[in-house]
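To start, the structure itself, in structure tokens.
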Amino acid sequence: MNIGIIGAGATGLTAAHDLVRDGHDVTVLEGADELGGLAGSLTVQGTPLERYYHHIFETDRAFIELIDELGLSPELRFHSTTTGIFHEGALHDFSTPVDMLRFPPLTLWDRVRFGASSAALKAIRQGERLNDQRALEWVRRWAGRRAADVIWEPLLAGKFGTRAPEISMAWLWARVHFRTFKLGYLDGGFDQVYTALLRSVEDGGGKVEFGKRLSSITQPDPKGPVEVRTEDGSRYEYDKVLVTVPQPAFAQATGAPSDDVLRRNEYLGATCFVLECDRSVIPYYWLNVNDPSFPFLAVVEHTNMIPPAEYGGRHIVYVGNYVPRDDWRFTTDPAELLEQYVPWLRRLNPDFDLSWVKDWHFSRAPFAQPVVTPDYRASIPPHETSMPGVVLATMSQIYPQDRGQSYSVALARKVVQQYFR
Ligand SMILES: Cc1cc2nc3c(=O)[nH]c(=O)nc-3n(C[C@H](O)[C@H](O)[C@H](O)COP(=O)(O)OP(=O)(O)OC[C@H]3O[C@@H](n4cnc5c(N)ncnc54)[C@H](O)[C@@H]3O)c2cc1C
């Protein structure tokens with residue numbers, strides 16, 4: 001078959017890799033000018049680095065298997081990293097169960113309840129059954145009001161803003177249940193996975209075309225070819241098409257009406273600074289900023305997991321956020337936004353100075369995080385679409401697991417198996 005794939009992220013590239021090996025003619029149309037989508041990379045001192053902080057968990061089987069298949073296992077290492085929580089002006093260690101049981105903002109009884117409820121989430125196997133419950137209500141009941149106020153609510157608010165009270169407990173269960181303490185990273189960056197997938201596609205006779213933003217998909221005759229048009233005026237015909245772009249981009253390309261299931265799910269955008277600093281800024285790999293007055297959710301010092309020597313001695317600090325697309329943090333000029341973040345970074349490290357930042361990068365993704373309310377599950381669109389030749393495999397179909405590269409790889413493999421073989 002002559003197959004078109006829309007989107008060169010983890011889903012689209014994995015599917016393309018599998019489909020060329022099945023002997024199909026494959027073309028991937030990518031709107032941006034780089035590979036990897038949300039897991040795409042920039043370069044710091046010659047080393048690829050993800051635009052948004054990325055690591056994997058020991059439970060990310062599908063991605064670990066793909067890494068192995070691409071011959072990249074020697075680069076994969078799991079690290080014991082450190083986590084902190086900033087609460088009421090102070091940094092607290094939160095890396096191990098012992099740190100959690102010592103966490104000063106909670107009383108001993110609160111800590112025991114927090115520990116027991118977290119252990120229960122690890123033990124519960126079918127957390128999907130918690131779908132109809134709201135996460136905040138569940139944690140208030142089982143972890144206690146104080147742990148909910150100090151730990152869970154700021155985390156949910158940082159990720160989902162004003163929608164935090166509506167988030168489903170099935171999603172929070174999956175986040176706790178599938179995560180491991182050790183975090184995996186590929187020496188040299190995850191970009192190697194996407195570059196290896198591209199190489200495999202090209203070696204198999206396929207290709208990736210960049211700068212091809214989808215504008216329409218039609219299949220006038222259900223037995224005929226699928227017609228794809230891109231914003232630069234190109235027109236393509238395929239026997240079958242796999243669409244991996246966010247739901248709203250697909251809805252727009254098909255002209256789906258406003259009450260269509262494709263229009264129902266909502267997404268937040270993500271913004272992220274990569275600060276290349278001449279020294280360390282925080283004493284952790286991951287710092288949750290549990291203070292709703294802050295304009296950002298997390299600070300991740302990547303070089304507290306991977307040595308700065310990998311990046312020419314630079315200390316890599318991510319400052320990240322999930323926000324609506326009309327929020328000032330999404331729309332403000334990045335240089336101005338960085339200036340506005342400085343006083344807040346100084347609250348985390350009073351010595352912090354902009355002169356420490358030798359270079360910086362800013363990325364913005366409009367559709368980065370679906371808003372996973374209890375109604376969400378019923379709004380997930382099927383892989384089959386109104387056109388028999390068009391299959392949809394997109395991040396919003398991953399639920400209740402939090403999105404992640406491994407789930408995208410598994411999704412790609414599932415739809416290839418189910419609809420293209
Ligand atoms: C801040 C942040 C942190 C994350 N951290 C982690 C982590 O630590 N570990 C982990 O495993 N995962 C993490 N993820 C999630 C991970 O990046 C995603 O789950 C995964 O990359 C999604 O891949 P995808 O192919 O499904 O979608 P995408 O990456 O969104 O790929 C879709 C592709 O389609 C393209 N596209 C979009 N619109 C159009 C259009 N109209 N026409 C043509 N092309 C288009 C995009 O440019 C993109 O390349 C994180 C994500 C974010 C935002």
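Please note that chains go A, B, ... in the order of the structure tokens, that every chain numbers its residues from 1, and that ligands are numbered from 1 in the order shown.
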Excluding A:Phe78 and any residue of its chain fewer than 3 positions from it, enumerate the residues within 10 Å of it, using only C-alpha atoms, and give them as a PyMOL selection string.
chain A and resi 55-58+81+181-186+305
Since we have the selection now, will you write its residues out, keeping N, CA and C atoms, as a CSV table (one decimal), in the first residue's frame?
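Result went into again-v5.csv, see below:
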```
chain,number,residue,atom,x,y,z
A,55,HIS,N,12.3,12.0,30.6
A,55,HIS,CA,13.0,10.8,31.2
A,55,HIS,C,12.0,9.6,31.0
A,56,ILE,N,12.4,8.4,31.2
A,56,ILE,CA,11.5,7.3,31.2
A,56,ILE,C,11.5,6.5,32.5
A,57,PHE,N,10.5,5.7,32.6
A,57,PHE,CA,10.4,4.8,33.9
A,57,PHE,C,10.7,3.4,33.5
A,58,GLU,N,11.1,2.6,34.6
A,58,GLU,CA,11.4,1.2,34.3
A,58,GLU,C,10.2,0.4,33.8
A,81,THR,N,17.6,9.5,41.0
A,81,THR,CA,17.6,11.0,40.9
A,81,THR,C,17.1,11.6,42.2
A,181,PHE,N,10.9,4.8,40.9
A,181,PHE,CA,11.8,5.8,41.5
A,181,PHE,C,13.0,6.1,40.6
A,182,LYS,N,13.5,5.0,39.9
A,182,LYS,CA,14.6,5.2,39.0
A,182,LYS,C,14.1,5.8,37.7
A,183,LEU,N,14.9,6.7,37.1
A,183,LEU,CA,14.5,7.3,35.9
A,183,LEU,C,15.5,7.0,34.8
A,184,GLY,N,15.0,6.7,33.6
A,184,GLY,CA,15.9,6.3,32.5
A,184,GLY,C,16.2,7.5,31.5
A,185,TYR,N,17.4,7.5,31.0
A,185,TYR,CA,17.7,8.5,30.0
A,185,TYR,C,18.8,7.9,29.1
A,186,LEU,N,18.7,8.3,27.8
A,186,LEU,CA,19.7,7.8,26.8
A,186,LEU,C,20.9,8.7,26.9
A,305,MET,N,21.1,14.9,36.8
A,305,MET,CA,21.0,13.5,36.5
A,305,MET,C,22.1,13.1,35.5
```
* To do: Run DSSP on the backbone and grab whatever in stretch 76-156 of chain A lands in alpha helix (DSSP H); send it over as a count of residues only.
  => 37
Sorted per-residue table, stretch 165-284 of chain A near stretch 343-356 of chain A, closest atoms and distance, 9 Å, only C-alpha atoms, as JSON lines:
```
{"residue": "A:Glu276", "atom": "CA", "partner": "A:Trp356", "partner_atom": "CA", "distance": 8.2}
{"residue": "A:Cys277", "atom": "CA", "partner": "A:Trp356", "partner_atom": "CA", "distance": 5.2}
{"residue": "A:Asp278", "atom": "CA", "partner": "A:Trp356", "partner_atom": "CA", "distance": 5.4}
{"residue": "A:Arg279", "atom": "CA", "partner": "A:Trp356", "partner_atom": "CA", "distance": 6.8}
{"residue": "A:Val281", "atom": "CA", "partner": "A:Asn349", "partner_atom": "CA", "distance": 6.5}
{"residue": "A:Ile282", "atom": "CA", "partner": "A:Asn349", "partner_atom": "CA", "distance": 6.8}
```
**OP:** Mind checking which residues fall within 7 Å of A:Asp239, counting only C-alpha atoms, ignoring those fewer than 6 positions away in the same chain, and posting them as an MDAnalysis selection string?
**Re:** chainID A and resid 1:3 225:226 389
Closest of A:Leu72, A:Ser408, A:Glu266, A:Arg421 to A:Ser379, counting only C-alpha atoms, is A:Glu266
Residues within 12 Å of A:Phe330, please, as a ChimeraX atom specification. Count only C-alpha atoms; anything in the same chain fewer than 3 positions from it doesn't count. /A:268-273,295-296,320-327,333-334,336-337,362-367
Keeping C-alpha atoms for every residue in the selection just given, could you write it to a file as a CSV table (one decimal), in the first residue's frame?
```csv
chain,number,residue,atom,x,y,z
A,268,LEU,CA,-3.6,22.8,27.7
A,269,GLY,CA,-0.5,24.2,26.0
A,270,ALA,CA,3.0,23.8,27.4
A,271,THR,CA,5.8,26.3,27.6
A,272,CYS,CA,9.4,25.5,28.6
A,273,PHE,CA,12.6,27.4,29.0
A,295,PRO,CA,4.2,31.5,37.5
A,296,PHE,CA,5.7,28.0,36.9
A,320,GLY,CA,8.2,24.5,32.6
A,321,ASN,CA,4.5,25.1,32.7
A,322,TYR,CA,1.1,23.9,31.4
A,323,VAL,CA,-1.2,26.8,30.5
A,324,PRO,CA,-4.1,27.7,28.3
A,325,ARG,CA,-3.1,29.1,25.0
A,326,ASP,CA,-4.5,32.5,25.8
A,327,ASP,CA,-2.5,32.7,29.1
A,333,ASP,CA,7.6,37.5,24.4
A,334,PRO,CA,10.0,34.9,25.7
A,336,GLU,CA,10.4,39.4,28.6
A,337,LEU,CA,8.9,36.3,30.2
A,362,PHE,CA,12.1,28.7,24.8
A,363,SER,CA,9.6,26.2,23.4
A,364,ARG,CA,5.8,26.4,23.2
A,365,ALA,CA,3.4,23.6,22.3
A,366,PRO,CA,-0.2,24.5,21.8
A,367,PHE,CA,-1.7,21.0,22.4
```
**OP:** Can you check which residues of stretch 136-371 of chain A DSSP gives as strand (DSSP E or B) on the backbone and send them as a VMD selection string?
**Re:** chain A and resid 168 182 to 186 207 to 209 214 to 218 226 to 230 235 to 238 240 to 243 267 to 277 286 to 289 298 to 301 315 to 323 357 to 370
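Restricting the calculation to only C-alpha atoms and all ligand atoms, the smallest distance between ligand 1 and any of A:Ala196, A:Val26, A:Met395, A:Leu136 is found for A:Met395.
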For ligand 1, the closest of A:Arg263, A:Arg21, A:Arg329, A:Arg51 counting only C-alpha atoms and all ligand atoms is A:Arg51
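Each of A:Leu275, A:Leu35, A:Val150, A:Ala116 was checked against ligand 1 using only C-alpha atoms and all ligand atoms; the smallest atom-to-atom distance is that of A:Leu35.
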Using only C-alpha atoms, which protein or nucleic acid residues come within 12 Å of A:Lys414? Drop anything in the same chain fewer than 6 positions from it, and give the result as an NGL selection string.
:A and (11 or 14-15 or 18 or 62 or 383 or 391-393 or 398 or 407-408 or 420-421)
File of the preceding selection, N, CA and C atoms, as a short mmCIF file (atom, residue, chain, number, x, y, z; two decimals), in the first residue's frame:
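Output file selection16.cif is given in full below:
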```cif
data_model
loop_
_atom_site.label_atom_id
_atom_site.label_comp_id
_atom_site.auth_asym_id
_atom_site.auth_seq_id
_atom_site.Cartn_x
_atom_site.Cartn_y
_atom_site.Cartn_z
N THR A 11 4.63 8.59 17.78
CA THR A 11 3.63 7.69 17.19
C THR A 11 3.85 7.53 15.69
N THR A 14 7.22 5.69 14.77
CA THR A 14 7.22 4.25 15.08
C THR A 14 6.37 3.51 14.06
N ALA A 15 5.20 4.08 13.74
CA ALA A 15 4.32 3.43 12.76
C ALA A 15 5.03 3.36 11.40
N ASP A 18 7.58 0.58 11.34
CA ASP A 18 6.97 -0.75 11.23
C ASP A 18 6.40 -0.98 9.83
N ALA A 62 7.32 -0.62 26.27
CA ALA A 62 7.27 -0.50 24.80
C ALA A 62 8.44 0.36 24.29
N HIS A 383 -10.28 4.92 16.89
CA HIS A 383 -9.25 4.97 15.84
C HIS A 383 -9.89 5.05 14.46
N VAL A 391 -7.10 6.42 9.62
CA VAL A 391 -7.04 5.90 10.99
C VAL A 391 -6.44 6.99 11.89
N LEU A 392 -7.02 7.16 13.07
CA LEU A 392 -6.53 8.18 14.00
C LEU A 392 -5.82 7.52 15.18
N ALA A 393 -4.57 7.91 15.41
CA ALA A 393 -3.82 7.42 16.59
C ALA A 393 -3.14 8.63 17.21
N ILE A 398 -4.70 8.10 24.70
CA ILE A 398 -3.96 7.39 25.76
C ILE A 398 -4.58 7.78 27.10
N TYR A 407 3.89 5.10 25.68
CA TYR A 407 2.48 4.86 25.32
C TYR A 407 2.25 5.19 23.85
N SER A 408 2.98 6.18 23.33
CA SER A 408 2.85 6.52 21.91
C SER A 408 3.39 5.38 21.04
N PHE A 420 -3.52 -2.07 9.61
CA PHE A 420 -2.66 -2.05 8.42
C PHE A 420 -2.11 -3.44 8.09
N ARG A 421 -2.56 -4.48 8.82
CA ARG A 421 -2.04 -5.82 8.51
C ARG A 421 -3.18 -6.76 8.17
#
```
**Request:** Find the residues around A:Thr385 up to 12 Å (only C-alpha atoms counted), leave out those fewer than 6 positions away in its own chain, and share them as JSON, numbers by chain.
**Result:** {"A": [217, 218, 219, 222, 240, 241, 242, 243, 247, 250, 251, 254, 256, 260, 261, 262, 391, 392, 393, 419]}
- Message: Using only C-alpha atoms, which protein or nucleic acid residues come within 10 Å of A:Leu101? Drop anything in the same chain fewer than 5 positions from it, and give the result as a ChimeraX atom specification.
- Response: /A:94,96,106-115
Would you export the selected residues with N, CA and C atoms as a compact mmCIF listing (two decimals), in the first residue's frame, please?
```txt
# COMPACT_ATOMS: atom_id res chain seq x y z
N PHE A 94 12.33 15.18 48.83
CA PHE A 94 11.14 14.33 48.63
C PHE A 94 11.50 13.21 47.66
N THR A 96 12.80 9.90 48.48
CA THR A 96 12.63 8.50 48.88
C THR A 96 11.45 8.38 49.85
N LEU A 106 4.16 18.26 57.05
CA LEU A 106 3.04 17.41 57.49
C LEU A 106 3.30 16.87 58.90
N THR A 107 2.22 16.67 59.66
CA THR A 107 2.37 16.02 60.98
C THR A 107 2.66 14.54 60.75
N LEU A 108 3.07 13.86 61.78
CA LEU A 108 3.39 12.43 61.65
C LEU A 108 2.18 11.65 61.13
N TRP A 109 1.01 11.97 61.67
CA TRP A 109 -0.22 11.27 61.27
C TRP A 109 -0.51 11.52 59.79
N ASP A 110 -0.33 12.80 59.35
CA ASP A 110 -0.55 13.14 57.93
C ASP A 110 0.42 12.36 57.04
N ARG A 111 1.65 12.25 57.52
CA ARG A 111 2.66 11.55 56.70
C ARG A 111 2.30 10.08 56.56
N VAL A 112 1.83 9.50 57.67
CA VAL A 112 1.45 8.08 57.62
C VAL A 112 0.30 7.90 56.65
N ARG A 113 -0.68 8.80 56.70
CA ARG A 113 -1.83 8.68 55.78
C ARG A 113 -1.38 8.89 54.33
N PHE A 114 -0.48 9.85 54.13
CA PHE A 114 0.02 10.09 52.77
C PHE A 114 0.74 8.84 52.26
N GLY A 115 1.60 8.25 53.12
CA GLY A 115 2.36 7.06 52.73
C GLY A 115 1.43 5.90 52.44
```
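Using only C-alpha atoms and all ligand atoms for every distance, the candidate list A:Pro246, A:Pro74, A:Pro104, A:Pro382 yields A:Pro246 as the residue closest to ligand 1.
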